[in-house]
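Student: Got a structure for you, written out below as structure tokens; questions coming shortly.
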Amino acid sequence: MTRRLAQVAKKVGVSEATVSRVLNGKPGVSDATRQSVLSALDVLGYERPTQLRGERARLVGLVLPELQNPIFPAFAEVVGGALAQQGLTPVLCTQTKGGVSEADYVELLLQQQVSGVVFAGGLYHQADAPHDHYKVLAGRKIPVVLINAAIAHLGFPGVSCDDSVAVEQAWRHLVSLGHEKIGFVLGPADHVPSQRKLAAARTLAGRAGSGVPDEWVARAMFSLEGGQAAATRLLDQGVTGIICASDPLALGAVRAARRRGLSVPADVSVVGYDDSAFMNCTEPPLTTVRQPIEAMGRAAVELLSVQIGGRTVPSDELLFEPELVVRGSTARPPR
């Protein structure tokens, strides 16, 4: 017992006497400190006292599809920090190929009686993927927030970067440089953010009196290798500008051009999406559309905190404005 008190006190940064008061239900402890002590018990793997077991843990699941794409660790840092400020403890759940699935993580989080779950990228993006685990969360009235576009009818609040504005910024930038043959490297056909990007592109091109032929749209898994394969197909079609749905896809497009003996940006211009870490350090530095990660992450935590507090929030999607960051991977097309 003494060892447990000491560990919990050290974790929270309070005295052992304060921890003892919390565990014994004594007065004289602020609600924030009390919740921090209970969260520390959960994190350290100690059972709560019997009289406190009925309360939901102050743990929040943060479910990510991967950590290789720098955008997801960036979201994790912002969301994790904002949760800590609310007295909530993030539990990071990262999917791995052939490992624990998103549905498995949801089951594990429910066993831990989490207070809520934040998803930053996941199966809610894909219309053809299984979604039963989301229905379980809704059925148990677990607070949930989704980051970036979801399929319709899930009923959870979300925060998203505006895909339509992102594509408009990238497309207008390339058009202003003189590009007429602009291709797109997007995610799978059922990927909602990619659907939005393509719809916006076709609307823009239509207004300009042109279009986006199917052969100028290449689908790929979200990886550097996927971007390289997709961009290779676009180069076969003679495009001079490529807009990509993520920065790793864009880096794959740069590699594809170089494998063809082409120069970026002298022969082909490439635009990414996210402005994830180190995109200003690539060769050439990547022109990309920046997601407002800080604002989106904090808004997601605020929406979750309101729900955890027992209040309802509209199941609307908050759209955040992206920002075009022009660097060295775009230029006028070759004559």
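Residues in the structure tokens are numbered from 1 in each chain, the chains being A, B, ... in the order shown, and ligands are numbered from 1 in the order shown.
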From a backbone DSSP assignment, name each residue in segment 90-322 of chain A labelled helix (DSSP H, G or I), as a PyMOL selection string.

Tutor: chain A and resi 102-111+123-125+132-139+163-176+192-207+214-216+224-236+247-259+293-308

Student: With only C-alpha atoms as the counted atoms, please give the residues lying no more than 6 Å from segment 25-41 of chain A, apart from itself and same-chain residues fewer than 3 positions off, as a PyMOL selection string.

Tutor: chain A and resi 8+21-22+44+46+58+87

Student: Write the residues of the preceding selection, restricted to all heavy atoms, as a PDB file, in the first residue's frame.

Tutor:
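New file part-v5.pdb:
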ATOM      1  N   VAL A   8       1.867   6.627  -7.025  1.00  0.00           N
ATOM      2  CA  VAL A   8       0.792   7.484  -7.507  1.00  0.00           C
ATOM      3  C   VAL A   8       1.096   8.946  -7.202  1.00  0.00           C
ATOM      4  O   VAL A   8       0.898   9.836  -8.039  1.00  0.00           O
ATOM      5  CB  VAL A   8      -0.557   7.066  -6.903  1.00  0.00           C
ATOM      6  CG1 VAL A   8      -1.657   8.059  -7.306  1.00  0.00           C
ATOM      7  CG2 VAL A   8      -0.940   5.662  -7.356  1.00  0.00           C
ATOM      8  N   ARG A  21      -6.109  10.605   0.885  1.00  0.00           N
ATOM      9  CA  ARG A  21      -7.439  11.215   1.049  1.00  0.00           C
ATOM     10  C   ARG A  21      -8.349  10.862  -0.114  1.00  0.00           C
ATOM     11  O   ARG A  21      -9.540  10.591   0.067  1.00  0.00           O
ATOM     12  CB  ARG A  21      -7.305  12.739   1.195  1.00  0.00           C
ATOM     13  CG  ARG A  21      -6.821  13.192   2.565  1.00  0.00           C
ATOM     14  CD  ARG A  21      -7.120  14.666   2.789  1.00  0.00           C
ATOM     15  NE  ARG A  21      -6.312  15.512   1.918  1.00  0.00           N
ATOM     16  CZ  ARG A  21      -5.097  15.945   2.229  1.00  0.00           C
ATOM     17  NH1 ARG A  21      -4.547  15.586   3.382  1.00  0.00           N
ATOM     18  NH2 ARG A  21      -4.443  16.727   1.403  1.00  0.00           N
ATOM     19  N   VAL A  22      -7.792  10.871  -1.334  1.00  0.00           N
ATOM     20  CA  VAL A  22      -8.597  10.517  -2.497  1.00  0.00           C
ATOM     21  C   VAL A  22      -9.065   9.072  -2.409  1.00  0.00           C
ATOM     22  O   VAL A  22     -10.241   8.757  -2.626  1.00  0.00           O
ATOM     23  CB  VAL A  22      -7.797  10.739  -3.802  1.00  0.00           C
ATOM     24  CG1 VAL A  22      -8.573  10.184  -5.002  1.00  0.00           C
ATOM     25  CG2 VAL A  22      -7.504  12.216  -4.012  1.00  0.00           C
ATOM     26  N   LEU A  44      -1.110   3.233 -13.935  1.00  0.00           N
ATOM     27  CA  LEU A  44      -0.122   2.392 -13.263  1.00  0.00           C
ATOM     28  C   LEU A  44      -0.598   0.958 -13.063  1.00  0.00           C
ATOM     29  O   LEU A  44       0.166   0.108 -12.605  1.00  0.00           O
ATOM     30  CB  LEU A  44       0.243   3.012 -11.907  1.00  0.00           C
ATOM     31  CG  LEU A  44       1.005   4.350 -11.986  1.00  0.00           C
ATOM     32  CD1 LEU A  44       1.109   4.980 -10.605  1.00  0.00           C
ATOM     33  CD2 LEU A  44       2.389   4.149 -12.592  1.00  0.00           C
ATOM     34  N   TYR A  46      -3.161  -0.131 -11.104  1.00  0.00           N
ATOM     35  CA  TYR A  46      -3.713  -0.468  -9.791  1.00  0.00           C
ATOM     36  C   TYR A  46      -5.240  -0.471  -9.850  1.00  0.00           C
ATOM     37  O   TYR A  46      -5.846   0.320 -10.574  1.00  0.00           O
ATOM     38  CB  TYR A  46      -3.268   0.549  -8.736  1.00  0.00           C
ATOM     39  CG  TYR A  46      -1.790   0.487  -8.412  1.00  0.00           C
ATOM     40  CD1 TYR A  46      -0.977   1.596  -8.559  1.00  0.00           C
ATOM     41  CD2 TYR A  46      -1.217  -0.695  -7.943  1.00  0.00           C
ATOM     42  CE1 TYR A  46       0.372   1.549  -8.264  1.00  0.00           C
ATOM     43  CE2 TYR A  46       0.136  -0.762  -7.638  1.00  0.00           C
ATOM     44  CZ  TYR A  46       0.925   0.365  -7.803  1.00  0.00           C
ATOM     45  OH  TYR A  46       2.264   0.311  -7.509  1.00  0.00           O
ATOM     46  N   ARG A  58     -10.586   8.259 -16.170  1.00  0.00           N
ATOM     47  CA  ARG A  58     -10.293   9.504 -16.868  1.00  0.00           C
ATOM     48  C   ARG A  58      -9.286   9.253 -17.988  1.00  0.00           C
ATOM     49  O   ARG A  58      -8.365  10.023 -18.215  1.00  0.00           O
ATOM     50  CB  ARG A  58      -9.752  10.528 -15.873  1.00  0.00           C
ATOM     51  CG  ARG A  58     -10.742  10.944 -14.800  1.00  0.00           C
ATOM     52  CD  ARG A  58     -11.783  11.892 -15.321  1.00  0.00           C
ATOM     53  NE  ARG A  58     -11.235  13.217 -15.565  1.00  0.00           N
ATOM     54  CZ  ARG A  58     -11.954  14.249 -15.989  1.00  0.00           C
ATOM     55  NH1 ARG A  58     -13.243  14.092 -16.260  1.00  0.00           N
ATOM     56  NH2 ARG A  58     -11.395  15.419 -16.186  1.00  0.00           N
ATOM     57  N   GLY A  87      -7.082  17.286 -17.527  1.00  0.00           N
ATOM     58  CA  GLY A  87      -7.058  16.256 -16.492  1.00  0.00           C
ATOM     59  C   GLY A  87      -7.377  14.872 -17.019  1.00  0.00           C
ATOM     60  O   GLY A  87      -7.745  13.975 -16.265  1.00  0.00           O
TER      61      GLY A  87
END

Student: Report, in Å with one decimal, the straight-line distance from atom CA of Ala208 of chain A to atom CA of Ser263 of chain A.

Tutor: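 Atom CA of Ser263 of chain A lies at a distance of 27.9 Å from atom CA of Ala208 of chain A.
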
Student: Between A:Ala218, A:Ile243, A:Val268, A:Ala231, which one has atoms that come closest to Val289 of chain A, using only C-alpha atoms?

Tutor: A:Ile243

Student: If we count only C-alpha atoms and set the cut-off at 9 Å, which residues sit around segment 183-185 of chain A, ignoring sequence neighbours fewer than 6 positions away in its own chain? Please answer as an MDAnalysis selection string.

Tutor: chainID A and resid 198 201 212:213 215:220 227 230:231 234:235 237 239:246 249:250 253

Student: How close does each residue of segment 129-194 of chain A get to segment 293-310 of chain A, giving the shortest atom pair and distance in Å to one decimal for every residue with an atom at most 9 Å away, counting only C-alpha atoms, sorted by chain and residue number, as a Markdown table?

Tutor:
| residue | atom | partner | partner_atom | distance |
| --- | --- | --- | --- | --- |
| A:Ile142 | CA | A:Ile308 | CA | 8.4 |
| A:Pro143 | CA | A:Gln307 | CA | 5.7 |
| A:Val144 | CA | A:Leu304 | CA | 6.5 |
| A:Val145 | CA | A:Ala300 | CA | 6.2 |
| A:Leu146 | CA | A:Ala300 | CA | 7.6 |
| A:Ile147 | CA | A:Ala300 | CA | 7.2 |
| A:Pro157 | CA | A:Leu303 | CA | 7.6 |
| A:Gly158 | CA | A:Ala300 | CA | 7.1 |
| A:Val159 | CA | A:Met296 | CA | 6.2 |
| A:Ser160 | CA | A:Met296 | CA | 7.1 |
| A:Cys161 | CA | A:Met296 | CA | 7.8 |

Student: Mind dumping the selected residues with N, CA, C and O atoms as a compact mmCIF listing (two decimals), in the first residue's frame?

Tutor:
# COMPACT_ATOMS: atom_id res chain seq x y z
N ILE A 142 -20.51 6.42 -25.50
CA ILE A 142 -19.14 6.85 -25.23
C ILE A 142 -18.86 8.09 -26.06
O ILE A 142 -19.07 8.08 -27.27
N PRO A 143 -18.39 9.18 -25.44
CA PRO A 143 -18.03 10.37 -26.23
C PRO A 143 -16.96 10.05 -27.27
O PRO A 143 -15.95 9.41 -26.96
N VAL A 144 -17.19 10.49 -28.50
CA VAL A 144 -16.27 10.22 -29.60
C VAL A 144 -16.13 11.49 -30.45
O VAL A 144 -17.12 12.21 -30.65
N VAL A 145 -14.93 11.75 -30.93
CA VAL A 145 -14.69 12.82 -31.89
C VAL A 145 -13.83 12.26 -33.02
O VAL A 145 -12.87 11.52 -32.76
N LEU A 146 -14.17 12.60 -34.25
CA LEU A 146 -13.44 12.14 -35.42
C LEU A 146 -12.67 13.30 -36.03
O LEU A 146 -13.22 14.39 -36.20
N ILE A 147 -11.40 13.07 -36.35
CA ILE A 147 -10.58 14.09 -37.00
C ILE A 147 -10.48 13.76 -38.49
O ILE A 147 -9.99 12.71 -38.87
N PRO A 157 -19.53 13.97 -33.68
CA PRO A 157 -18.97 15.27 -34.07
C PRO A 157 -17.57 15.08 -34.64
O PRO A 157 -16.88 14.11 -34.32
N GLY A 158 -17.14 16.02 -35.48
CA GLY A 158 -15.82 15.89 -36.08
C GLY A 158 -15.21 17.24 -36.38
O GLY A 158 -15.90 18.26 -36.46
N VAL A 159 -13.89 17.24 -36.53
CA VAL A 159 -13.17 18.42 -36.98
C VAL A 159 -12.38 18.01 -38.22
O VAL A 159 -11.78 16.94 -38.25
N SER A 160 -12.42 18.84 -39.25
CA SER A 160 -11.79 18.48 -40.51
C SER A 160 -11.11 19.68 -41.13
O SER A 160 -11.55 20.83 -40.97
N CYS A 161 -10.04 19.40 -41.86
CA CYS A 161 -9.47 20.40 -42.75
C CYS A 161 -10.33 20.40 -44.03
O CYS A 161 -10.72 19.33 -44.50

Student: Restricting the calculation to only C-alpha atoms: of A:Arg327, A:Arg258, A:Arg140, A:Lys11, which residue gets closest to Val271 of chain A?

Tutor: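 Ranked by minimum distance to Val271 of chain A, first place goes to A:Arg327.
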
Student: Counting only C-alpha atoms, which of A:Leu251, A:Ala152, A:Ala257, A:Val117 gets nearest to His131 of chain A?

Tutor: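 With only C-alpha atoms as the atom set, the closest residue is A:Ala152.
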
Student: Neighbouring residues of Ala127 of chain A were defined as those with any atom within 7 Å, considering only C-alpha atoms; residues of the same chain fewer than 6 positions away were excluded. Please report them as a list of chain:residue names.

Tutor: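 The filter keeps A:Ile151, A:Asp190, A:His191.
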